[in-house]
Amino acid sequence: MSTSTESSIRTAMQSPHIPAPRFRYSPCVRIGFNYQVSGMVALDPASGKLETGGPGAETTRILSNLQLALPDYGLSLDELLIARIYTTRMDAFSEINAAWETIFNDGLVPPARTSVGVSALPLGASVEIEFSFVKSSVSV
Amino acid sequence: MSTSTESSIRTAMQSPHIPAPRFRYSPCVRIGFNYQVSGMVALDPASGKLETGGPGAETTRILSNLQLALPDYGLSLDELLIARIYTTRMDAFSEINAAWETIFNDGLVPPARTSVGVSALPLGASVEIEFSFVKSSVSV
Amino acid sequence: MSTSTESSIRTAMQSPHIPAPRFRYSPCVRIGFNYQVSGMVALDPASGKLETGGPGAETTRILSNLQLALPDYGLSLDELLIARIYTTRMDAFSEINAAWETIFNDGLVPPARTSVGVSALPLGASVEIEFSFVKSSVSV
């Protein structure tokens, strides 16, 4: 028998940089070593409105919002396992990719990534990104 | 060197409440602390047929089937890390959300959630939901 | 306080059987017990070009490429938690499934699986599959 010292309770991680969700889900939850960020669309944290500059600008906003929240979540980009990119504008993937590469540049082993073209996203967004983090060393 | 006492064998979790899959996948598998439920569509456990009441009724059925199976899987909703909702009817998302909120209500820290509008789902379903659970304390 | 002996650094796993990515992501990364393979499309490892035989042939190629890479990643199919299949050709799902069943046949507890019909995939592929592996016993 093996018993972890981790709590068995799902914890909602909080950041003032992330708008309160409109529905009943948590923007980021932790269970044990796993930290899961819900699919993010490009909301301006000040106005709560969707970024209007198209796929590249939306991607920049999502990644910027994530980076603002990470210290509050106790996470760093080094602990990102995979990003899942959903877009209604696969034709504009080069824009999405250019925004991505401003963050994930040569100094860092990049995470895994899956990119899928979809038919609709919440709030009429053209890009949504979900992030899965894993900590392999956790203090509790 | 670190060796877990967890089994290294993937285990298929069984529930009589879940129809046998028509293809070669497992409805729920466990490896170590991770329990992964395959994408579920709204099958009536009695008839094996797809629920016909539209996106809201399908969501209710999926969540109801999951809740019936959880005790057999040795899981509780508290251990749900994220639900991924795929729908061909993003226009009816309010129905999906209303069904969701009957389960995930004020008494519980809600899990992470990602919602994506897609073009087609198995068996002509309008809603499919995938569930990832993590146990942070496991007896073996 | 609990401290794992696992490294906290994300590691990119390498295989000569997988074409170098065209963008800034890693084909397979490891953090602790989690090994995440990025969404794969059916590239011929020799030519780097997309398989042209349609959904069934693409699925066969993806699974074949994965199987070639697994020993380099230090993984086996027994450690596959879930495969996520995205396809623009849900109408041809029987082809995809037939290719799947040549690998996941009766000798193995099958993994979890989620199948979703989407509107577009990278490089004009008709099938993309993402693989999440978990090791429950890891030597470091």
# chains A, B, ... in the order shown; residues from 1 in each chain; ligands from 1
$ select_by_dssp --residues "chain A" --states "strand (DSSP E)" --output "VMD selection string"
chain A and resid 11 to 12 28 to 31 34 to 40 80 to 87 112 to 117 127 to 134
$ write_last_selection --atoms "N, CA, C and O atoms" --output "compact mmCIF listing (two decimals), in the first residue's frame"
# COMPACT_ATOMS: atom_id res chain seq x y z
N THR A 11 -8.11 21.50 -5.95
CA THR A 11 -7.93 22.88 -5.52
C THR A 11 -8.06 23.80 -6.72
O THR A 11 -7.44 23.57 -7.76
N ALA A 12 -8.87 24.83 -6.58
CA ALA A 12 -8.95 25.85 -7.63
C ALA A 12 -7.85 26.88 -7.38
O ALA A 12 -7.77 27.46 -6.30
N CYS A 28 -8.20 27.28 -13.42
CA CYS A 28 -7.04 26.40 -13.22
C CYS A 28 -7.28 25.56 -11.97
O CYS A 28 -7.64 26.11 -10.93
N VAL A 29 -7.13 24.26 -12.10
CA VAL A 29 -7.27 23.39 -10.93
C VAL A 29 -6.02 22.56 -10.76
O VAL A 29 -5.29 22.28 -11.71
N ARG A 30 -5.80 22.16 -9.51
CA ARG A 30 -4.69 21.29 -9.18
C ARG A 30 -5.20 20.05 -8.46
O ARG A 30 -6.04 20.15 -7.56
N ILE A 31 -4.71 18.89 -8.89
CA ILE A 31 -4.83 17.67 -8.08
C ILE A 31 -3.44 17.05 -8.07
O ILE A 31 -2.91 16.66 -9.13
N ASN A 34 -0.65 17.47 -10.91
CA ASN A 34 -1.26 17.94 -12.14
C ASN A 34 -1.94 19.29 -11.96
O ASN A 34 -2.77 19.44 -11.05
N TYR A 35 -1.63 20.21 -12.82
CA TYR A 35 -2.27 21.52 -12.86
C TYR A 35 -2.89 21.68 -14.23
O TYR A 35 -2.18 21.63 -15.24
N GLN A 36 -4.19 21.86 -14.27
CA GLN A 36 -4.88 21.92 -15.54
C GLN A 36 -5.54 23.28 -15.73
O GLN A 36 -6.34 23.70 -14.90
N VAL A 37 -5.16 23.94 -16.80
CA VAL A 37 -5.77 25.23 -17.15
C VAL A 37 -6.87 24.97 -18.17
O VAL A 37 -6.65 24.28 -19.17
N SER A 38 -8.05 25.52 -17.92
CA SER A 38 -9.17 25.40 -18.86
C SER A 38 -8.85 26.11 -20.17
O SER A 38 -8.03 27.04 -20.19
N GLY A 39 -9.48 25.68 -21.24
CA GLY A 39 -9.31 26.36 -22.53
C GLY A 39 -9.53 27.86 -22.38
O GLY A 39 -10.56 28.28 -21.86
N MET A 40 -8.55 28.63 -22.83
CA MET A 40 -8.61 30.09 -22.69
C MET A 40 -8.89 30.74 -24.04
O MET A 40 -8.26 30.39 -25.04
N LEU A 80 5.11 23.36 -18.37
CA LEU A 80 4.02 23.13 -19.32
C LEU A 80 4.29 21.85 -20.10
O LEU A 80 5.29 21.74 -20.81
N LEU A 81 3.38 20.89 -19.99
CA LEU A 81 3.54 19.63 -20.70
C LEU A 81 3.07 19.78 -22.14
O LEU A 81 3.78 19.45 -23.07
N ILE A 82 1.84 20.29 -22.31
CA ILE A 82 1.28 20.42 -23.66
C ILE A 82 0.31 21.58 -23.74
O ILE A 82 -0.41 21.87 -22.77
N ALA A 83 0.32 22.22 -24.90
CA ALA A 83 -0.70 23.21 -25.25
C ALA A 83 -1.54 22.63 -26.38
O ALA A 83 -0.98 22.07 -27.33
N ARG A 84 -2.85 22.76 -26.24
CA ARG A 84 -3.76 22.31 -27.30
C ARG A 84 -4.40 23.55 -27.91
O ARG A 84 -5.15 24.26 -27.24
N ILE A 85 -4.10 23.78 -29.18
CA ILE A 85 -4.59 24.96 -29.88
C ILE A 85 -5.78 24.57 -30.76
O ILE A 85 -5.65 23.70 -31.63
N TYR A 86 -6.91 25.21 -30.52
CA TYR A 86 -8.09 25.04 -31.35
C TYR A 86 -8.32 26.34 -32.09
O TYR A 86 -8.32 27.41 -31.47
N THR A 87 -8.51 26.27 -33.41
CA THR A 87 -8.74 27.51 -34.14
C THR A 87 -9.78 27.33 -35.23
O THR A 87 -9.84 26.28 -35.88
N ALA A 112 5.04 19.97 -25.76
CA ALA A 112 4.27 19.33 -26.82
C ALA A 112 3.14 20.28 -27.24
O ALA A 112 2.77 21.20 -26.50
N ARG A 113 2.62 20.06 -28.43
CA ARG A 113 1.56 20.94 -28.93
C ARG A 113 0.68 20.16 -29.90
O ARG A 113 1.20 19.38 -30.71
N THR A 114 -0.60 20.37 -29.82
CA THR A 114 -1.54 19.79 -30.78
C THR A 114 -2.39 20.92 -31.34
O THR A 114 -2.89 21.75 -30.58
N SER A 115 -2.52 20.96 -32.65
CA SER A 115 -3.27 22.04 -33.32
C SER A 115 -4.39 21.45 -34.16
O SER A 115 -4.14 20.55 -34.97
N VAL A 116 -5.59 21.97 -33.96
CA VAL A 116 -6.78 21.41 -34.60
C VAL A 116 -7.66 22.55 -35.11
O VAL A 116 -7.88 23.54 -34.40
N GLY A 117 -8.15 22.40 -36.32
CA GLY A 117 -9.09 23.38 -36.89
C GLY A 117 -10.52 23.01 -36.56
O GLY A 117 -10.96 21.90 -36.89
N VAL A 127 -9.44 31.64 -31.69
CA VAL A 127 -8.38 30.80 -31.11
C VAL A 127 -8.73 30.48 -29.66
O VAL A 127 -9.16 31.37 -28.91
N GLU A 128 -8.55 29.22 -29.28
CA GLU A 128 -8.67 28.81 -27.89
C GLU A 128 -7.49 27.90 -27.59
O GLU A 128 -7.13 27.06 -28.42
N ILE A 129 -6.86 28.09 -26.43
CA ILE A 129 -5.71 27.24 -26.08
C ILE A 129 -5.90 26.69 -24.68
O ILE A 129 -6.24 27.42 -23.75
N GLU A 130 -5.70 25.38 -24.57
CA GLU A 130 -5.76 24.68 -23.28
C GLU A 130 -4.34 24.27 -22.89
O GLU A 130 -3.58 23.81 -23.73
N PHE A 131 -4.02 24.40 -21.60
CA PHE A 131 -2.67 24.14 -21.13
C PHE A 131 -2.67 23.10 -20.00
O PHE A 131 -3.37 23.28 -19.00
N SER A 132 -1.84 22.07 -20.15
CA SER A 132 -1.68 21.06 -19.10
C SER A 132 -0.27 21.16 -18.52
O SER A 132 0.72 21.01 -19.25
N PHE A 133 -0.18 21.43 -17.24
CA PHE A 133 1.10 21.52 -16.54
C PHE A 133 1.26 20.32 -15.62
O PHE A 133 0.28 19.81 -15.07
N VAL A 134 2.52 19.92 -15.43
CA VAL A 134 2.84 18.89 -14.44
C VAL A 134 4.03 19.37 -13.64
O VAL A 134 5.02 19.84 -14.21
$ select_by_dssp --residues "chain A" --states "helix (DSSP H, G or I)" --output "ChimeraX atom specification"
/A:55-73,77-79,90-103,122-124
$ write_last_selection --atoms "N, CA and C atoms" --output "mmCIF file, in the first residue's frame"
data_model
loop_
_atom_site.group_PDB
_atom_site.id
_atom_site.type_symbol
_atom_site.label_atom_id
_atom_site.label_comp_id
_atom_site.auth_asym_id
_atom_site.auth_seq_id
_atom_site.Cartn_x
_atom_site.Cartn_y
_atom_site.Cartn_z
ATOM 1 N N PRO A 55 -6.591 36.224 -35.276
ATOM 2 C CA PRO A 55 -5.933 35.055 -34.675
ATOM 3 C C PRO A 55 -4.578 35.339 -34.027
ATOM 4 N N GLY A 56 -3.730 36.141 -34.675
ATOM 5 C CA GLY A 56 -2.410 36.423 -34.097
ATOM 6 C C GLY A 56 -2.542 37.206 -32.805
ATOM 7 N N ALA A 57 -3.364 38.248 -32.829
ATOM 8 C CA ALA A 57 -3.553 39.074 -31.632
ATOM 9 C C ALA A 57 -4.228 38.272 -30.519
ATOM 10 N N GLU A 58 -5.146 37.404 -30.883
ATOM 11 C CA GLU A 58 -5.796 36.566 -29.861
ATOM 12 C C GLU A 58 -4.773 35.636 -29.198
ATOM 13 N N THR A 59 -3.913 35.049 -30.010
ATOM 14 C CA THR A 59 -2.893 34.143 -29.462
ATOM 15 C C THR A 59 -1.961 34.899 -28.522
ATOM 16 N N THR A 60 -1.540 36.081 -28.939
ATOM 17 C CA THR A 60 -0.670 36.908 -28.091
ATOM 18 C C THR A 60 -1.348 37.203 -26.763
ATOM 19 N N ARG A 61 -2.622 37.546 -26.811
ATOM 20 C CA ARG A 61 -3.371 37.863 -25.589
ATOM 21 C C ARG A 61 -3.496 36.651 -24.670
ATOM 22 N N ILE A 62 -3.822 35.515 -25.245
ATOM 23 C CA ILE A 62 -3.963 34.302 -24.430
ATOM 24 C C ILE A 62 -2.645 33.975 -23.723
ATOM 25 N N LEU A 63 -1.554 34.016 -24.477
ATOM 26 C CA LEU A 63 -0.255 33.672 -23.890
ATOM 27 C C LEU A 63 0.161 34.715 -22.850
ATOM 28 N N SER A 64 -0.170 35.972 -23.114
ATOM 29 C CA SER A 64 0.138 37.036 -22.161
ATOM 30 C C SER A 64 -0.672 36.855 -20.873
ATOM 31 N N ASN A 65 -1.947 36.557 -21.012
ATOM 32 C CA ASN A 65 -2.787 36.313 -19.821
ATOM 33 C C ASN A 65 -2.253 35.119 -19.023
ATOM 34 N N LEU A 66 -1.876 34.080 -19.742
ATOM 35 C CA LEU A 66 -1.326 32.903 -19.043
ATOM 36 C C LEU A 66 -0.072 33.291 -18.270
ATOM 37 N N GLN A 67 0.811 34.019 -18.903
ATOM 38 C CA GLN A 67 2.071 34.382 -18.239
ATOM 39 C C GLN A 67 1.846 35.266 -17.016
ATOM 40 N N LEU A 68 0.832 36.114 -17.080
ATOM 41 C CA LEU A 68 0.499 36.929 -15.906
ATOM 42 C C LEU A 68 -0.006 36.067 -14.750
ATOM 43 N N ALA A 69 -0.726 35.024 -15.081
ATOM 44 C CA ALA A 69 -1.338 34.192 -14.033
ATOM 45 C C ALA A 69 -0.381 33.163 -13.440
ATOM 46 N N LEU A 70 0.624 32.760 -14.196
ATOM 47 C CA LEU A 70 1.460 31.631 -13.753
ATOM 48 C C LEU A 70 2.068 31.803 -12.362
ATOM 49 N N PRO A 71 2.618 32.997 -12.020
ATOM 50 C CA PRO A 71 3.165 33.128 -10.664
ATOM 51 C C PRO A 71 2.099 32.909 -9.587
ATOM 52 N N ASP A 72 0.881 33.364 -9.866
ATOM 53 C CA ASP A 72 -0.208 33.158 -8.898
ATOM 54 C C ASP A 72 -0.556 31.676 -8.768
ATOM 55 N N TYR A 73 -0.392 30.956 -9.863
ATOM 56 C CA TYR A 73 -0.677 29.524 -9.838
ATOM 57 C C TYR A 73 0.511 28.730 -9.268
ATOM 58 N N LEU A 77 6.575 28.341 -17.061
ATOM 59 C CA LEU A 77 6.407 27.775 -18.411
ATOM 60 C C LEU A 77 7.205 26.487 -18.602
ATOM 61 N N ASP A 78 8.274 26.318 -17.814
ATOM 62 C CA ASP A 78 9.070 25.081 -17.871
ATOM 63 C C ASP A 78 8.271 23.847 -17.487
ATOM 64 N N GLU A 79 7.158 24.064 -16.804
ATOM 65 C CA GLU A 79 6.351 22.944 -16.323
ATOM 66 C C GLU A 79 5.143 22.670 -17.219
ATOM 67 N N MET A 90 -7.670 28.001 -39.372
ATOM 68 C CA MET A 90 -6.451 27.255 -39.688
ATOM 69 C C MET A 90 -5.724 27.929 -40.865
ATOM 70 N N ASP A 91 -6.461 28.639 -41.715
ATOM 71 C CA ASP A 91 -5.833 29.367 -42.827
ATOM 72 C C ASP A 91 -4.868 30.460 -42.327
ATOM 73 N N ALA A 92 -5.068 30.898 -41.088
ATOM 74 C CA ALA A 92 -4.204 31.939 -40.519
ATOM 75 C C ALA A 92 -3.244 31.349 -39.494
ATOM 76 N N PHE A 93 -2.907 30.080 -39.651
ATOM 77 C CA PHE A 93 -2.082 29.440 -38.631
ATOM 78 C C PHE A 93 -0.705 30.082 -38.529
ATOM 79 N N SER A 94 -0.212 30.664 -39.623
ATOM 80 C CA SER A 94 1.116 31.304 -39.555
ATOM 81 C C SER A 94 1.114 32.470 -38.571
ATOM 82 N N GLU A 95 -0.006 33.168 -38.465
ATOM 83 C CA GLU A 95 -0.139 34.260 -37.473
ATOM 84 C C GLU A 95 -0.105 33.718 -36.047
ATOM 85 N N ILE A 96 -0.829 32.632 -35.849
ATOM 86 C CA ILE A 96 -0.880 32.005 -34.527
ATOM 87 C C ILE A 96 0.521 31.550 -34.137
ATOM 88 N N ASN A 97 1.182 30.942 -35.119
ATOM 89 C CA ASN A 97 2.503 30.413 -34.866
ATOM 90 C C ASN A 97 3.525 31.509 -34.569
ATOM 91 N N ALA A 98 3.416 32.613 -35.272
ATOM 92 C CA ALA A 98 4.341 33.726 -35.031
ATOM 93 C C ALA A 98 4.180 34.249 -33.610
ATOM 94 N N ALA A 99 2.950 34.353 -33.140
ATOM 95 C CA ALA A 99 2.707 34.802 -31.764
ATOM 96 C C ALA A 99 3.274 33.791 -30.765
ATOM 97 N N TRP A 100 3.055 32.537 -31.057
ATOM 98 C CA TRP A 100 3.592 31.451 -30.219
ATOM 99 C C TRP A 100 5.109 31.568 -30.083
ATOM 100 N N GLU A 101 5.771 31.833 -31.207
ATOM 101 C CA GLU A 101 7.239 31.804 -31.218
ATOM 102 C C GLU A 101 7.873 33.012 -30.522
ATOM 103 N N THR A 102 7.085 34.022 -30.236
ATOM 104 C CA THR A 102 7.651 35.115 -29.434
ATOM 105 C C THR A 102 7.823 34.668 -27.978
ATOM 106 N N ILE A 103 7.040 33.676 -27.562
ATOM 107 C CA ILE A 103 7.142 33.163 -26.186
ATOM 108 C C ILE A 103 8.047 31.943 -26.123
ATOM 109 N N PRO A 122 -16.063 29.322 -28.034
ATOM 110 C CA PRO A 122 -16.852 30.172 -27.130
ATOM 111 C C PRO A 122 -16.636 31.674 -27.406
ATOM 112 N N LEU A 123 -17.689 32.437 -27.256
ATOM 113 C CA LEU A 123 -17.657 33.902 -27.400
ATOM 114 C C LEU A 123 -17.255 34.360 -28.798
ATOM 115 N N GLY A 124 -17.336 33.461 -29.766
ATOM 116 C CA GLY A 124 -16.965 33.832 -31.126
ATOM 117 C C GLY A 124 -15.470 33.971 -31.346
#
$ closest_residue --among "C:Ala125, C:Val109, C:Leu50, C:Ala120" --to "chain B" --atoms "only C-alpha atoms"
C:Val109
$ atom_distance --atom1 "atom CA of Ala46 of chain C" --atom2 "atom CA of Asn105 of chain C"
27.6 Å
$ closest_residue --among "A:Leu108, A:Val41, A:Ile9, A:Ile18" --to "Ser126 of chain A" --atoms "only C-alpha atoms"
A:Val41
$ closest_residue --among "C:Leu75, C:Val118, C:Met13, C:Ala42" --to "chain A" --atoms "only C-alpha atoms"
C:Val118
$ atom_distance --atom1 "atom CA of Pro21 of chain C" --atom2 "atom CA of Ser119 of chain B"
27.2 Å
